[in-house]
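These notes are about the structure you will find just below.
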Amino acid sequence: MADILIPNVKFVDIAARETEALQRLKYDIDKLNARKKRNGNILGPLDTAELERLEKLDKARATKGNYFDPLFVATRTAFSSPETGVVPIDFHQEGGLIKIAMPNQTTGATLSKKEEAQKDAAIARVALVMGLLANHGTPVPPIRVRGTNPVATTPDTTHQNFGPFVEGFFRAAGRVAGHMDLAVRVLKLMVEAVKIAGDDEPAVSTTEFASIFEKLVVAGVSASDPNLKRKVDDQMDRVQSADEEKPLHEFTLTLPDLESTTDYEVVEENIRLMGPMIFASMFEELKAFQVVDRLVEMSQRGELPLIKGPAGTKLYQYWREAPNRMSEVERQTFYAMTLGLPTGQPGGSSNGEFQELWLRFVSSVSSLVRENRVDQILRSALPVSINQQQVKKAARDLAANMSLHGYGMAFYAAADLTKQINEMIDLLSDAELRSAFGARDIWGVIDQVAQLELGGARNSSKYRTLASCGAIITNWLADNTDRLRDPTMPIIDIKEVENPPRRFSGQSATSNPTDYDLVNACELWLADSAMADERIEQMAQPRESPQQPSRPIQIPSIARDLLEGTGLGLGMGIDPARRPMSNGHGYAAY
């Protein structure tokens, strides 16, 4: 092999994996820190340990000579460990260039022909073993930091993947050891085939190198074959050709991960806007909007015993801003579009699947937690198994539905309703206004006015609980879309439910919901909805996902014209001049 010299060769996949590993490290740290912030600066024990490991790795980036691609780190460690029994090779890489540390080499000294050949053989051995490990899908253990000064990245020998990796390494190293001459010649021929005049660092892939090498070995080709160059060129063409040009017997049956391509199906902000819609619809049930309107009318007629002060100013400003706020018809139309409530105008769009999907998710969460409590399992009249994946499916179906119906004006309507609700709460909380009705809080004012002026009060305790629970559930879904996409991540941390984290000052369940808050909100929703246990168990059972697109689909103009001609329009159908008449149930009567 002394006459075979390989120039510097850049292994592009080694460099690409290292770059990807560094990007993944930053992404995982940011994701865990974001989850920690959402959960009140608290993480579960597994997430805490993982974040600690990643932060140590991030600090190790400052130490030269550390690598973060798990395959490169594990292979490098295996080659340098005397326990493996293979010929030890001390090497590192710079931008995909494998650098071999030759024994007894003096800095700047010129290598002899024999040493050059030994270096070439070492490069071929390392690259080929790494390519074989990648092609065979060998499990690779994650990396961790060892030592303190200096720190070094090393494979986690306690991980379950470490044993299978060592076995795969021995198989790959044994495969190469029996055909070392062939490996060096194949690498040299590949470099010559891709080298461009003046190019000092031709680019080669370790996985392509391994594929070509294995095909030649299977075909019984030796290093001394006079047609080796032609056979290597032929294999390079076959390996680099598109899949549809390959013979069927050479296809690799690998399917894509469809979940990694569906991020657009669940839009976080589209989910989050459903909280204000639920909140507003519950205020509608309480007649809160009508109460404030009636207070404005009473103030105009001079029927409220209010002196000059903040309460009168707020009522006057609320009256002046009336033209800029949505009317009851418009609010009801948005409730139908987003929540599927039977309040919209005839012919308008309605999210008819929302109610069932919502109850399925809420019931699944409740059933999962109940079945994790041994005493309730023993007493359960219907011992039906509900697992994490069934809850995740219910959550994904609901999130996809909410995301689909959150496009268009829905976000702006939710923002407008949020602003109006805050103004109403501020107005109704005024001490002077409350004292005028002898009420201790805003609910007393609402009940008093509804009873005296609007034909009867509603159950304020029930609807304000449902409003808060709706905000918690929707915000939790929006905050945890990563759990919906990850097929292995549990949807609910049962340990966090059993041991809820401490909430810090300035945080609330509606703004920063934890898994405990979600479970609590689901249980309260079912309790205030008066759903029987049998009905909860029935709703929790998995069902086929509804047929719905991932995004809104445009209706052809000819179809819109036909429907408009029959009076069944597809738009909101809002008539600004039309004013609704209340039927006493929060819906518009026509």
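Identifiers in this document derive from the order of the structure tokens: chains are assigned A, B, ..., residues are numbered from 1 separately in each chain, and ligands are numbered from 1 in order of occurrence.
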
Please provide as a PDB file with N, CA and C atoms, in the first residue's frame all residues within 8 Å of stretch 91-105 of chain A, with the sequence filter that same-chain residues fewer than 2 positions apart are discarded (counting only C-alpha atoms).
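File written: result08.pdb
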ATOM      1  N   ASN A   8      -5.830  15.112   1.010  1.00  0.00           N
ATOM      2  CA  ASN A   8      -6.824  15.518   2.006  1.00  0.00           C
ATOM      3  C   ASN A   8      -8.226  15.377   1.422  1.00  0.00           C
ATOM      4  N   VAL A   9      -9.092  14.670   2.122  1.00  0.00           N
ATOM      5  CA  VAL A   9     -10.438  14.452   1.632  1.00  0.00           C
ATOM      6  C   VAL A   9     -11.433  14.911   2.700  1.00  0.00           C
ATOM      7  N   LYS A  10     -12.430  15.649   2.258  1.00  0.00           N
ATOM      8  CA  LYS A  10     -13.442  16.165   3.165  1.00  0.00           C
ATOM      9  C   LYS A  10     -14.653  15.246   3.146  1.00  0.00           C
ATOM     10  N   PHE A  11     -14.996  14.704   4.305  1.00  0.00           N
ATOM     11  CA  PHE A  11     -16.171  13.844   4.420  1.00  0.00           C
ATOM     12  C   PHE A  11     -17.357  14.738   4.808  1.00  0.00           C
ATOM     13  N   VAL A  12     -18.184  15.026   3.815  1.00  0.00           N
ATOM     14  CA  VAL A  12     -19.217  16.059   3.971  1.00  0.00           C
ATOM     15  C   VAL A  12     -20.272  15.669   5.002  1.00  0.00           C
ATOM     16  N   ASP A  13     -20.582  14.394   5.118  1.00  0.00           N
ATOM     17  CA  ASP A  13     -21.619  14.013   6.080  1.00  0.00           C
ATOM     18  C   ASP A  13     -21.130  14.128   7.519  1.00  0.00           C
ATOM     19  N   ILE A  14     -19.826  13.961   7.760  1.00  0.00           N
ATOM     20  CA  ILE A  14     -19.286  14.158   9.105  1.00  0.00           C
ATOM     21  C   ILE A  14     -19.444  15.615   9.512  1.00  0.00           C
ATOM     22  N   ALA A  15     -19.087  16.527   8.598  1.00  0.00           N
ATOM     23  CA  ALA A  15     -19.234  17.956   8.891  1.00  0.00           C
ATOM     24  C   ALA A  15     -20.696  18.336   9.065  1.00  0.00           C
ATOM     25  N   GLY A  65     -11.466  20.860  20.632  1.00  0.00           N
ATOM     26  CA  GLY A  65     -11.295  19.415  20.529  1.00  0.00           C
ATOM     27  C   GLY A  65     -12.501  18.619  20.954  1.00  0.00           C
ATOM     28  N   ARG A  76     -15.067   7.651  17.753  1.00  0.00           N
ATOM     29  CA  ARG A  76     -13.734   8.110  18.163  1.00  0.00           C
ATOM     30  C   ARG A  76     -13.325   7.475  19.491  1.00  0.00           C
ATOM     31  N   ILE A  89      -6.658   4.101  17.123  1.00  0.00           N
ATOM     32  CA  ILE A  89      -6.424   5.216  16.217  1.00  0.00           C
ATOM     33  C   ILE A  89      -6.821   6.496  16.933  1.00  0.00           C
ATOM     34  N   THR A 107       6.136  17.576  15.342  1.00  0.00           N
ATOM     35  CA  THR A 107       5.392  18.658  14.707  1.00  0.00           C
ATOM     36  C   THR A 107       6.160  19.225  13.526  1.00  0.00           C
ATOM     37  N   ALA A 109       7.219  17.623  10.961  1.00  0.00           N
ATOM     38  CA  ALA A 109       8.090  16.649  10.284  1.00  0.00           C
ATOM     39  C   ALA A 109       7.364  16.041   9.096  1.00  0.00           C
ATOM     40  N   GLU A 115       4.715   5.851   6.353  1.00  0.00           N
ATOM     41  CA  GLU A 115       3.824   6.517   7.301  1.00  0.00           C
ATOM     42  C   GLU A 115       2.618   7.138   6.602  1.00  0.00           C
ATOM     43  N   LYS A 119      -1.205   6.337   7.390  1.00  0.00           N
ATOM     44  CA  LYS A 119      -2.203   7.373   7.648  1.00  0.00           C
ATOM     45  C   LYS A 119      -3.413   7.189   6.735  1.00  0.00           C
ATOM     46  N   ALA A 122      -5.536   4.437   7.983  1.00  0.00           N
ATOM     47  CA  ALA A 122      -6.292   4.819   9.183  1.00  0.00           C
ATOM     48  C   ALA A 122      -7.498   5.676   8.814  1.00  0.00           C
ATOM     49  N   ILE A 123      -7.320   6.614   7.876  1.00  0.00           N
ATOM     50  CA  ILE A 123      -8.438   7.452   7.441  1.00  0.00           C
ATOM     51  C   ILE A 123      -9.530   6.597   6.812  1.00  0.00           C
TER      52      ILE A 123
END

Original post:
In Å to one decimal, how far is atom CA of A:Met424 from atom CA of A:Asp447?
Top reply: 14.5 Å

**OP:** Among the residues of stretch 77-147 of chain A, find those DSSP assigns to strand (DSSP E or B) from the backbone and print them as a ChimeraX atom specification.
**Re:** /A:91-94,97-100,143-146

Subject >> Contacts of A:Thr510 at 6 Å (only C-alpha atoms; same-chain gap of 3+ positions) as a PyMOL selection string >> reply: chain A and resi 471-472+513

Original post:
What lies within 12 Å of stretch 203-205 of chain A using only C-alpha atoms, ignoring chain neighbours under 4 positions off, as a ChimeraX atom specification?
Top reply: /A:7-17,95-98,124,127-128,130-132,134-135,186-196,199,209-212,236,239-240

Using the selection just defined, write its residues with C-alpha atoms as a PDB file, in the first residue's frame.
ATOM      1  CA  PRO A   7      -4.886  13.602  -0.641  1.00  0.00           C
ATOM      2  CA  ASN A   8      -6.824  15.518   2.006  1.00  0.00           C
ATOM      3  CA  VAL A   9     -10.438  14.452   1.632  1.00  0.00           C
ATOM      4  CA  LYS A  10     -13.442  16.165   3.165  1.00  0.00           C
ATOM      5  CA  PHE A  11     -16.171  13.844   4.420  1.00  0.00           C
ATOM      6  CA  VAL A  12     -19.217  16.059   3.971  1.00  0.00           C
ATOM      7  CA  ASP A  13     -21.619  14.013   6.080  1.00  0.00           C
ATOM      8  CA  ILE A  14     -19.286  14.158   9.105  1.00  0.00           C
ATOM      9  CA  ALA A  15     -19.234  17.956   8.891  1.00  0.00           C
ATOM     10  CA  ALA A  16     -23.000  18.126   8.301  1.00  0.00           C
ATOM     11  CA  ARG A  17     -23.801  15.918  11.309  1.00  0.00           C
ATOM     12  CA  GLY A  95     -14.765  20.620   8.883  1.00  0.00           C
ATOM     13  CA  GLY A  96     -15.033  16.996   7.731  1.00  0.00           C
ATOM     14  CA  LEU A  97     -11.248  16.479   7.295  1.00  0.00           C
ATOM     15  CA  ILE A  98     -10.148  13.468   9.360  1.00  0.00           C
ATOM     16  CA  ALA A 124     -10.080   4.792   5.286  1.00  0.00           C
ATOM     17  CA  ALA A 127     -14.443   6.716   7.567  1.00  0.00           C
ATOM     18  CA  LEU A 128     -15.571   3.258   6.493  1.00  0.00           C
ATOM     19  CA  MET A 130     -18.449   5.323  10.548  1.00  0.00           C
ATOM     20  CA  GLY A 131     -20.235   4.925   7.203  1.00  0.00           C
ATOM     21  CA  LEU A 132     -21.136   1.298   7.936  1.00  0.00           C
ATOM     22  CA  ALA A 134     -24.658   4.953   9.780  1.00  0.00           C
ATOM     23  CA  ASN A 135     -25.898   2.731   6.938  1.00  0.00           C
ATOM     24  CA  VAL A 186     -11.820   2.327  -3.279  1.00  0.00           C
ATOM     25  CA  LEU A 187     -11.402   5.544  -1.301  1.00  0.00           C
ATOM     26  CA  LYS A 188      -8.537   6.676  -3.547  1.00  0.00           C
ATOM     27  CA  LEU A 189     -10.577   5.985  -6.690  1.00  0.00           C
ATOM     28  CA  MET A 190     -13.597   7.832  -5.280  1.00  0.00           C
ATOM     29  CA  VAL A 191     -11.418  10.849  -4.481  1.00  0.00           C
ATOM     30  CA  GLU A 192      -9.994  10.866  -7.987  1.00  0.00           C
ATOM     31  CA  ALA A 193     -13.498  10.624  -9.464  1.00  0.00           C
ATOM     32  CA  VAL A 194     -14.822  13.679  -7.613  1.00  0.00           C
ATOM     33  CA  LYS A 195     -11.657  15.765  -7.556  1.00  0.00           C
ATOM     34  CA  ILE A 196     -11.695  18.911  -9.660  1.00  0.00           C
ATOM     35  CA  ASP A 199      -9.319  21.270  -5.578  1.00  0.00           C
ATOM     36  CA  PHE A 209     -18.065   5.048   0.632  1.00  0.00           C
ATOM     37  CA  ALA A 210     -19.496   2.302   2.860  1.00  0.00           C
ATOM     38  CA  SER A 211     -22.270   1.425   0.374  1.00  0.00           C
ATOM     39  CA  ILE A 212     -19.830   1.068  -2.541  1.00  0.00           C
ATOM     40  CA  MET A 236     -20.856   5.458  -7.574  1.00  0.00           C
ATOM     41  CA  VAL A 239     -25.454   4.892  -5.331  1.00  0.00           C
ATOM     42  CA  GLN A 240     -25.816   8.552  -6.313  1.00  0.00           C
TER      43      GLN A 240
END

Subject >> Selection: 12 Å around A:Thr77, only C-alpha atoms, excl. self and same-chain fewer than 2 positions, as a count of residues only >> reply: 33

Quick one: residues within 10 Å of A:Gln300, only C-alpha atoms counted, chain neighbours fewer than 5 positions away excluded, as a PDB file with all heavy atoms, in the first residue's frame?
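Now in part16.pdb:
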ATOM      1  N   ARG A 294     -77.322  47.775  29.607  1.00  0.00           N
ATOM      2  CA  ARG A 294     -78.447  48.312  30.357  1.00  0.00           C
ATOM      3  C   ARG A 294     -77.981  49.360  31.369  1.00  0.00           C
ATOM      4  O   ARG A 294     -78.675  50.357  31.603  1.00  0.00           O
ATOM      5  CB  ARG A 294     -79.188  47.173  31.067  1.00  0.00           C
ATOM      6  CG  ARG A 294     -80.485  47.609  31.745  1.00  0.00           C
ATOM      7  CD  ARG A 294     -81.438  48.275  30.746  1.00  0.00           C
ATOM      8  NE  ARG A 294     -81.755  47.425  29.621  1.00  0.00           N
ATOM      9  CZ  ARG A 294     -82.808  46.628  29.558  1.00  0.00           C
ATOM     10  NH1 ARG A 294     -83.646  46.578  30.582  1.00  0.00           N
ATOM     11  NH2 ARG A 294     -83.028  45.901  28.473  1.00  0.00           N
ATOM     12  N   LEU A 295     -76.799  49.167  31.955  1.00  0.00           N
ATOM     13  CA  LEU A 295     -76.258  50.170  32.868  1.00  0.00           C
ATOM     14  C   LEU A 295     -75.993  51.483  32.152  1.00  0.00           C
ATOM     15  O   LEU A 295     -76.226  52.573  32.705  1.00  0.00           O
ATOM     16  CB  LEU A 295     -74.958  49.656  33.511  1.00  0.00           C
ATOM     17  CG  LEU A 295     -75.107  48.550  34.562  1.00  0.00           C
ATOM     18  CD1 LEU A 295     -73.734  48.034  34.985  1.00  0.00           C
ATOM     19  CD2 LEU A 295     -75.873  49.058  35.772  1.00  0.00           C
ATOM     20  N   LEU A 315     -68.703  54.723  32.317  1.00  0.00           N
ATOM     21  CA  LEU A 315     -69.952  54.477  31.604  1.00  0.00           C
ATOM     22  C   LEU A 315     -70.058  55.364  30.370  1.00  0.00           C
ATOM     23  O   LEU A 315     -70.498  54.925  29.297  1.00  0.00           O
ATOM     24  CB  LEU A 315     -71.142  54.731  32.526  1.00  0.00           C
ATOM     25  CG  LEU A 315     -71.413  53.665  33.594  1.00  0.00           C
ATOM     26  CD1 LEU A 315     -72.412  54.179  34.616  1.00  0.00           C
ATOM     27  CD2 LEU A 315     -71.905  52.379  32.945  1.00  0.00           C
ATOM     28  N   TYR A 316     -69.645  56.627  30.518  1.00  0.00           N
ATOM     29  CA  TYR A 316     -69.704  57.544  29.385  1.00  0.00           C
ATOM     30  C   TYR A 316     -68.745  57.089  28.282  1.00  0.00           C
ATOM     31  O   TYR A 316     -69.112  57.090  27.100  1.00  0.00           O
ATOM     32  CB  TYR A 316     -69.333  58.949  29.848  1.00  0.00           C
ATOM     33  CG  TYR A 316     -69.324  59.973  28.725  1.00  0.00           C
ATOM     34  CD1 TYR A 316     -70.521  60.479  28.213  1.00  0.00           C
ATOM     35  CD2 TYR A 316     -68.126  60.413  28.176  1.00  0.00           C
ATOM     36  CE1 TYR A 316     -70.519  61.413  27.181  1.00  0.00           C
ATOM     37  CE2 TYR A 316     -68.114  61.337  27.148  1.00  0.00           C
ATOM     38  CZ  TYR A 316     -69.309  61.840  26.654  1.00  0.00           C
ATOM     39  OH  TYR A 316     -69.306  62.750  25.626  1.00  0.00           O
ATOM     40  N   TRP A 319     -70.090  54.146  26.440  1.00  0.00           N
ATOM     41  CA  TRP A 319     -71.149  54.554  25.504  1.00  0.00           C
ATOM     42  C   TRP A 319     -70.566  55.180  24.243  1.00  0.00           C
ATOM     43  O   TRP A 319     -71.016  54.903  23.133  1.00  0.00           O
ATOM     44  CB  TRP A 319     -72.083  55.543  26.214  1.00  0.00           C
ATOM     45  CG  TRP A 319     -73.065  56.204  25.288  1.00  0.00           C
ATOM     46  CD1 TRP A 319     -74.156  55.628  24.702  1.00  0.00           C
ATOM     47  CD2 TRP A 319     -73.042  57.561  24.849  1.00  0.00           C
ATOM     48  NE1 TRP A 319     -74.826  56.542  23.916  1.00  0.00           N
ATOM     49  CE2 TRP A 319     -74.159  57.746  23.985  1.00  0.00           C
ATOM     50  CE3 TRP A 319     -72.204  58.641  25.101  1.00  0.00           C
ATOM     51  CZ2 TRP A 319     -74.432  58.963  23.375  1.00  0.00           C
ATOM     52  CZ3 TRP A 319     -72.490  59.846  24.505  1.00  0.00           C
ATOM     53  CH2 TRP A 319     -73.585  60.006  23.638  1.00  0.00           C
TER      54      TRP A 319
END

**OP:** Write out as a list in words each polymer residue whose atoms come within 12 Å of A:Glu55, counting only C-alpha atoms; drop sequence neighbours fewer than 6 positions from it.
**Re:**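 Answer for this query is Leu25, Lys26, Tyr27, Asp28, Ile29, Asp30, Leu32, Asn33, Thr48, Ala49, Arg61, Arg144 and Val145 of chain A.
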
Output N, CA and C atoms of each residue in that selection to a file, as an mmCIF file, in the first residue's frame.
data_model
loop_
_atom_site.group_PDB
_atom_site.id
_atom_site.type_symbol
_atom_site.label_atom_id
_atom_site.label_comp_id
_atom_site.auth_asym_id
_atom_site.auth_seq_id
_atom_site.Cartn_x
_atom_site.Cartn_y
_atom_site.Cartn_z
ATOM 1 N N LEU A 25 -28.568 21.030 19.725
ATOM 2 C CA LEU A 25 -28.265 21.321 21.121
ATOM 3 C C LEU A 25 -28.888 22.640 21.543
ATOM 4 N N LYS A 26 -28.723 23.668 20.735
ATOM 5 C CA LYS A 26 -29.299 24.972 21.053
ATOM 6 C C LYS A 26 -30.823 24.914 21.043
ATOM 7 N N TYR A 27 -31.383 24.208 20.056
ATOM 8 C CA TYR A 27 -32.844 24.110 19.962
ATOM 9 C C TYR A 27 -33.423 23.411 21.192
ATOM 10 N N ASP A 28 -32.807 22.307 21.624
ATOM 11 C CA ASP A 28 -33.329 21.568 22.777
ATOM 12 C C ASP A 28 -33.224 22.386 24.058
ATOM 13 N N ILE A 29 -32.137 23.142 24.216
ATOM 14 C CA ILE A 29 -31.996 23.984 25.403
ATOM 15 C C ILE A 29 -33.072 25.060 25.418
ATOM 16 N N ASP A 30 -33.265 25.704 24.273
ATOM 17 C CA ASP A 30 -34.291 26.756 24.199
ATOM 18 C C ASP A 30 -35.682 26.192 24.459
ATOM 19 N N LEU A 32 -36.548 23.505 26.281
ATOM 20 C CA LEU A 32 -36.734 23.166 27.687
ATOM 21 C C LEU A 32 -36.822 24.421 28.553
ATOM 22 N N ASN A 33 -36.046 25.435 28.217
ATOM 23 C CA ASN A 33 -36.129 26.685 28.985
ATOM 24 C C ASN A 33 -37.487 27.353 28.795
ATOM 25 N N THR A 48 -35.503 18.164 34.033
ATOM 26 C CA THR A 48 -34.451 18.870 34.767
ATOM 27 C C THR A 48 -33.094 18.228 34.515
ATOM 28 N N ALA A 49 -33.042 16.895 34.575
ATOM 29 C CA ALA A 49 -31.780 16.196 34.330
ATOM 30 C C ALA A 49 -31.312 16.402 32.893
ATOM 31 N N ARG A 61 -18.554 23.596 24.600
ATOM 32 C CA ARG A 61 -18.228 24.107 23.270
ATOM 33 C C ARG A 61 -17.018 25.032 23.306
ATOM 34 N N ARG A 144 -22.322 13.015 26.822
ATOM 35 C CA ARG A 144 -22.327 13.757 28.073
ATOM 36 C C ARG A 144 -20.940 14.345 28.287
ATOM 37 N N VAL A 145 -20.801 15.133 29.333
ATOM 38 C CA VAL A 145 -19.519 15.778 29.639
ATOM 39 C C VAL A 145 -18.804 14.991 30.721
#
